[in-house]
>>> print(open('data.txt').read())   # compact mmCIF, C-alpha atoms
# COMPACT_ATOMS: atom_id res chain seq x y z
CA MET A 1 52.89 47.60 -79.60
CA ALA A 2 55.77 48.21 -82.04
CA LEU A 3 53.79 50.96 -83.78
CA LEU A 4 53.20 52.65 -80.45
CA LEU A 5 56.94 52.60 -79.68
CA LYS A 6 57.90 53.95 -83.15
CA ARG A 7 55.42 56.80 -82.88
CA ALA A 8 56.68 57.65 -79.41
CA LEU A 9 60.32 57.72 -80.51
CA ILE A 10 59.73 59.72 -83.70
CA THR A 11 57.35 62.39 -82.44
CA ASN A 12 58.63 62.97 -78.95
CA PRO A 13 61.59 61.11 -77.47
CA TYR A 14 60.50 62.06 -73.94
CA ALA A 15 57.21 60.28 -74.47
CA LEU A 16 59.10 56.99 -74.26
CA GLN A 17 58.86 57.15 -70.48
CA LYS A 18 55.08 57.41 -70.63
CA THR A 19 54.86 54.65 -73.24
CA SER A 20 57.04 52.28 -71.25
CA ALA A 21 54.94 53.01 -68.18
CA LEU A 22 51.85 51.97 -70.16
CA ILE A 23 53.54 48.77 -71.31
CA PHE A 24 54.66 47.83 -67.82
CA ALA A 25 51.30 48.74 -66.29
CA ARG A 26 49.69 46.20 -68.61
CA ASN A 27 51.72 43.38 -67.03
CA VAL A 28 50.79 44.10 -63.41
CA ILE A 29 49.69 41.00 -61.52
CA ILE A 30 46.92 41.55 -59.02
CA ASN A 31 46.04 38.97 -56.39
CA ASP A 32 42.40 39.17 -57.43
CA HIS A 33 43.36 37.26 -60.57
CA PHE A 34 44.19 34.24 -58.44
CA LYS A 35 41.27 34.52 -56.04
CA PRO A 36 38.78 31.63 -56.23
CA GLY A 37 35.40 32.35 -57.71
CA PRO A 38 32.04 31.99 -55.96
CA TYR A 39 30.88 28.61 -54.69
CA PRO A 40 29.40 26.60 -57.61
CA ARG A 41 25.73 25.78 -57.08
CA THR A 42 24.64 24.24 -60.39
CA THR A 43 26.19 21.48 -62.47
CA GLU A 44 27.10 23.99 -65.19
CA GLU A 45 28.96 26.14 -62.66
CA ARG A 46 30.74 23.03 -61.34
CA ALA A 47 31.78 22.03 -64.88
CA LYS A 48 33.02 25.56 -65.58
CA ALA A 49 35.02 25.63 -62.32
CA ALA A 50 36.49 22.18 -63.06
CA LYS A 51 37.61 23.39 -66.49
CA LYS A 52 39.08 26.53 -64.89
CA TYR A 53 41.32 24.40 -62.65
CA GLY A 54 42.14 21.81 -65.34
CA LEU A 55 40.22 18.95 -63.73
CA LEU A 56 37.57 16.59 -65.03
CA PRO A 57 34.06 17.28 -63.70
CA GLU A 58 34.10 13.81 -62.09
CA GLU A 59 37.35 14.62 -60.23
CA TYR A 60 36.28 18.09 -59.17
CA GLU A 61 35.23 18.32 -55.52
CA THR A 62 34.80 21.53 -53.55
CA PHE A 63 35.24 22.33 -49.90
CA PRO A 64 32.09 22.77 -47.80
CA GLU A 65 30.55 26.18 -48.32
CA ASP A 66 31.08 27.25 -44.69
CA GLU A 67 34.89 26.95 -45.10
CA GLN A 68 34.77 29.93 -47.50
CA MET A 69 37.16 28.48 -50.10
CA GLY A 70 34.86 29.36 -53.02
CA ASP A 71 35.24 27.18 -56.10
CA TYR A 72 38.81 26.07 -55.26
CA PRO A 73 39.12 22.28 -55.64
CA LYS A 74 39.63 19.97 -52.69
CA LEU A 75 42.78 18.14 -53.73
CA PRO A 76 44.04 14.92 -52.10
CA ASP A 77 46.55 15.26 -49.27
CA ILE A 78 49.69 14.05 -51.07
CA GLY A 79 53.02 15.54 -50.10
CA THR A 80 55.74 16.27 -52.63
CA ASP A 81 58.01 13.51 -51.32
CA SER A 82 55.23 10.95 -51.80
CA LYS A 83 54.89 11.67 -55.53
CA ASP A 84 56.59 9.49 -58.13
CA PRO A 85 60.19 10.69 -58.66
CA TYR A 86 60.45 8.98 -62.09
CA TYR A 87 57.40 10.64 -63.63
CA PRO A 88 58.35 13.19 -66.34
CA TRP A 89 57.27 16.30 -64.43
CA ASP A 90 57.31 19.71 -66.11
CA ASN A 91 58.92 21.10 -62.96
CA PRO A 92 60.78 18.11 -61.49
CA GLU A 93 62.28 19.83 -58.44
CA TYR A 94 58.78 20.59 -57.13
CA LYS A 95 57.15 17.54 -58.78
CA ARG A 96 54.51 19.69 -60.46
CA ASN A 97 53.13 19.96 -63.96
CA PHE A 98 52.34 23.20 -65.76
CA ASN A 99 48.90 24.62 -64.85
CA GLU A 100 48.38 21.99 -62.15
CA PRO A 101 46.33 23.39 -59.24
CA MET A 102 48.25 23.68 -56.00
CA HIS A 103 47.08 22.26 -52.70
CA TYR A 104 45.68 24.96 -50.45
CA LYS A 105 48.27 24.01 -47.81
CA ALA A 106 51.16 24.10 -50.31
CA GLU A 107 53.27 26.36 -48.09
CA MET A 108 53.09 23.85 -45.24
CA ILE A 109 53.49 20.57 -47.16
CA GLY A 110 56.08 21.58 -49.74
CA TRP A 111 59.10 19.54 -50.81
CA ASP A 112 61.23 20.98 -48.00
CA ARG A 113 58.62 20.78 -45.25
CA TYR A 114 56.25 18.33 -43.56
CA ASP A 115 55.02 15.44 -45.71
CA ILE A 116 51.35 15.05 -44.88
CA SER A 117 50.91 11.65 -46.52
CA VAL A 118 53.91 9.83 -45.06
CA LYS A 119 53.23 6.71 -42.98
CA MET A 120 55.37 6.78 -39.87
CA ARG A 121 57.43 3.70 -39.03
CA VAL A 122 56.51 3.96 -35.34
CA PRO A 123 52.94 5.11 -34.59
CA LEU A 124 52.42 8.29 -32.62
CA TRP A 125 50.87 6.54 -29.61
CA GLU A 126 53.95 4.32 -29.31
CA GLN A 127 56.26 7.33 -29.52
CA TRP A 128 54.37 8.97 -26.63
CA LEU A 129 54.45 5.70 -24.67
CA TRP A 130 58.25 5.48 -24.97
CA PHE A 131 58.76 9.16 -24.15
CA LEU A 132 56.53 9.10 -21.06
CA GLY A 133 58.03 5.76 -19.95
CA VAL A 134 61.60 7.07 -20.09
CA MET A 135 60.73 10.38 -18.42
CA GLY A 136 58.61 8.67 -15.75
CA GLY A 137 61.39 6.15 -15.07
CA ALA A 138 63.99 8.89 -14.67
CA ILE A 139 61.77 10.91 -12.33
CA SER A 140 60.87 7.86 -10.23
CA LEU A 141 64.57 6.90 -9.92
CA TYR A 142 65.33 10.43 -8.76
CA PHE A 143 62.65 10.36 -6.05
CA PHE A 144 63.15 6.77 -4.84
CA LEU A 145 66.95 6.96 -4.69
CA GLU A 146 67.05 10.39 -3.04
CA ASP A 147 67.87 8.83 0.37
CA TYR A 148 70.68 6.62 -0.93
CA LYS A 149 73.55 9.01 -1.63
CA PHE A 150 76.91 7.72 -2.77
CA GLY A 151 80.37 9.24 -2.57
CA ARG A 152 83.16 9.66 -0.03
CA PRO A 153 81.92 10.45 3.47
CA VAL A 154 83.22 13.79 4.67
CA THR A 155 84.12 14.63 8.30
CA ALA A 156 85.30 17.82 9.93
CA LYS A 157 88.97 18.73 9.39
CA GLN A 158 91.28 17.38 12.07
CA TYR A 159 94.37 19.37 13.16
CA PRO A 160 97.08 18.23 15.59
CA LYS A 161 96.68 21.14 18.06
CA GLU A 162 94.16 23.85 18.82
CA GLY A 163 94.71 27.38 17.58
CA LYS A 164 95.73 29.18 14.42
CA HIS A 165 97.55 27.16 11.83
CA TYR A 166 97.87 29.72 9.03
CA SER A 167 98.51 33.39 9.68
CA PHE A 168 98.71 35.02 6.25
>>> encode(input="data.txt", output="structure tokens")
Amino acid sequence: MALLLKRALITNPYALQKTSALIFARNVIINDHFKPGPYPRTTEERAKAAKKYGLLPEEYETFPEDEQMGDYPKLPDIGTDSKDPYYPWDNPEYKRNFNEPMHYKAEMIGWDRYDISVKMRVPLWEQWLWFLGVMGGAISLYFFLEDYKFGRPVTAKQYPKEGKHYSF
């Protein structure tokens, strides 16, 4: 690389633009580099795919073939907030280690989003029960108490004599 730069600067200074374009073109990242490979069918292919993702062959599990995820591993559903905060992570703000495969739903279950593995304090059925109970109670009170109005009774205005009272 250094020899290429020296030759470019000595022979033709304008060739530096072409040389730098070659250097930068070498570092282009294409999404195909991160695309999962074909679905592993043999044990050798499974072992190779497990090594590719940094997993042991015993830990490596794939998605069903009809989900079209290729050889990407099926990782457990553990949110970032559920991971150990005292573990010496390589990237502690995301609780990830270097070269660790990401969950395929990483955009949805990140550290600042929904935690998929959290156990709710109040179950979902009980939340719905309370919500529908309060809303149903309010609606039933509205309909049953519609006939019982409260407030000052209002009558027609009473004036001492008939005729116009204000002429402006």
>>> atom_distance(input="data.txt", atom1="atom CA of A:Gly54", atom2="atom CA of A:Met102")
11.3 Å
>>> closest_residue(input="data.txt", among="A:Pro85, A:Pro76, A:Pro57, A:Gly70", to="A:Tyr39", atoms="all atoms listed in the file")
A:Gly70
>>> atom_distance(input="data.txt", atom1="atom CA of A:Glu45", atom2="atom CA of A:Gln68")
16.7 Å
>>> atom_distance(input="data.txt", atom1="atom CA of A:Tyr104", atom2="atom CA of A:Pro36")
11.2 Å
>>> residues_around(input="data.txt", residues="A:Lys52", least_positions_apart="6", cutoff="12 Å", atoms="all atoms listed in the file", output="ChimeraX atom specification")
/A:34,36-37,45-46,60,71-73,99-101
>>> closest_residue(input="data.txt", among="A:Lys48, A:Lys157, A:Lys83, A:Lys164", to="A:Arg96", atoms="all atoms listed in the file")
A:Lys83
>>> closest_residue(input="data.txt", among="A:Tyr53, A:Trp111, A:Phe63, A:Trp128", to="A:Gly79", atoms="only C-alpha atoms")
A:Trp111
>>> build_atoms(input="data.txt", residues="stretch 48-82 of chain A", atoms="N, CA and C atoms", output="short mmCIF file (atom, residue, chain, number, x, y, z; two decimals), in the frame of the given file")
data_model
loop_
_atom_site.label_atom_id
_atom_site.label_comp_id
_atom_site.auth_asym_id
_atom_site.auth_seq_id
_atom_site.Cartn_x
_atom_site.Cartn_y
_atom_site.Cartn_z
N LYS A 48 32.20 24.40 -65.21
CA LYS A 48 33.02 25.56 -65.58
C LYS A 48 34.20 25.72 -64.61
N ALA A 49 33.94 25.53 -63.31
CA ALA A 49 35.02 25.63 -62.32
C ALA A 49 36.04 24.50 -62.49
N ALA A 50 35.57 23.30 -62.83
CA ALA A 50 36.49 22.18 -63.06
C ALA A 50 37.38 22.47 -64.25
N LYS A 51 36.81 23.04 -65.31
CA LYS A 51 37.61 23.39 -66.49
C LYS A 51 38.61 24.50 -66.15
N LYS A 52 38.20 25.43 -65.29
CA LYS A 52 39.08 26.53 -64.89
C LYS A 52 40.34 26.01 -64.20
N TYR A 53 40.19 24.95 -63.39
CA TYR A 53 41.32 24.40 -62.65
C TYR A 53 41.97 23.20 -63.34
N GLY A 54 41.53 22.89 -64.56
CA GLY A 54 42.14 21.81 -65.34
C GLY A 54 41.81 20.43 -64.83
N LEU A 55 40.64 20.25 -64.25
CA LEU A 55 40.22 18.95 -63.73
C LEU A 55 39.01 18.45 -64.51
N LEU A 56 38.79 17.15 -64.46
CA LEU A 56 37.57 16.59 -65.03
C LEU A 56 36.42 16.88 -64.07
N PRO A 57 35.19 17.03 -64.60
CA PRO A 57 34.06 17.28 -63.70
C PRO A 57 33.85 16.15 -62.68
N GLU A 58 34.24 14.92 -63.04
CA GLU A 58 34.10 13.81 -62.09
C GLU A 58 35.12 13.91 -60.95
N GLU A 59 36.30 14.47 -61.25
CA GLU A 59 37.35 14.62 -60.23
C GLU A 59 37.15 15.84 -59.36
N TYR A 60 36.40 16.80 -59.85
CA TYR A 60 36.28 18.09 -59.17
C TYR A 60 35.41 17.95 -57.93
N GLU A 61 35.96 18.33 -56.79
CA GLU A 61 35.23 18.32 -55.52
C GLU A 61 35.57 19.61 -54.79
N THR A 62 34.56 20.26 -54.24
CA THR A 62 34.80 21.53 -53.55
C THR A 62 34.81 21.32 -52.04
N PHE A 63 35.31 22.31 -51.35
CA PHE A 63 35.24 22.33 -49.90
C PHE A 63 33.81 22.65 -49.48
N PRO A 64 33.42 22.34 -48.25
CA PRO A 64 32.09 22.77 -47.80
C PRO A 64 31.97 24.29 -47.87
N GLU A 65 30.76 24.76 -48.09
CA GLU A 65 30.55 26.18 -48.32
C GLU A 65 30.92 27.02 -47.10
N ASP A 66 30.79 26.47 -45.89
CA ASP A 66 31.08 27.25 -44.69
C ASP A 66 32.59 27.44 -44.47
N GLU A 67 33.44 26.74 -45.22
CA GLU A 67 34.89 26.95 -45.10
C GLU A 67 35.38 28.12 -45.93
N GLN A 68 34.52 28.70 -46.75
CA GLN A 68 34.77 29.93 -47.50
C GLN A 68 35.98 29.80 -48.42
N MET A 69 36.08 28.68 -49.13
CA MET A 69 37.16 28.48 -50.10
C MET A 69 36.67 28.73 -51.53
N GLY A 70 35.40 29.07 -51.70
CA GLY A 70 34.86 29.36 -53.02
C GLY A 70 34.84 28.13 -53.90
N ASP A 71 35.26 28.30 -55.17
CA ASP A 71 35.24 27.18 -56.10
C ASP A 71 36.59 26.45 -56.17
N TYR A 72 37.50 26.72 -55.22
CA TYR A 72 38.81 26.07 -55.26
C TYR A 72 38.64 24.58 -55.01
N PRO A 73 39.33 23.73 -55.78
CA PRO A 73 39.12 22.28 -55.64
C PRO A 73 39.75 21.71 -54.37
N LYS A 74 39.10 20.69 -53.84
CA LYS A 74 39.63 19.97 -52.69
C LYS A 74 40.52 18.86 -53.24
N LEU A 75 41.81 19.08 -53.17
CA LEU A 75 42.78 18.14 -53.73
C LEU A 75 43.18 17.11 -52.67
N PRO A 76 43.62 15.92 -53.09
CA PRO A 76 44.04 14.92 -52.10
C PRO A 76 45.29 15.36 -51.35
N ASP A 77 45.41 14.90 -50.12
CA ASP A 77 46.55 15.26 -49.27
C ASP A 77 47.75 14.37 -49.63
N ILE A 78 48.49 14.78 -50.64
CA ILE A 78 49.69 14.05 -51.07
C ILE A 78 50.86 15.01 -51.02
N GLY A 79 51.85 14.69 -50.21
CA GLY A 79 53.02 15.54 -50.10
C GLY A 79 53.93 15.38 -51.31
N THR A 80 54.84 16.30 -51.48
CA THR A 80 55.74 16.27 -52.63
C THR A 80 56.66 15.05 -52.59
N ASP A 81 57.11 14.66 -51.42
CA ASP A 81 58.01 13.51 -51.32
C ASP A 81 57.30 12.20 -51.63
N SER A 82 55.98 12.17 -51.54
CA SER A 82 55.23 10.95 -51.80
C SER A 82 54.88 10.79 -53.28
#
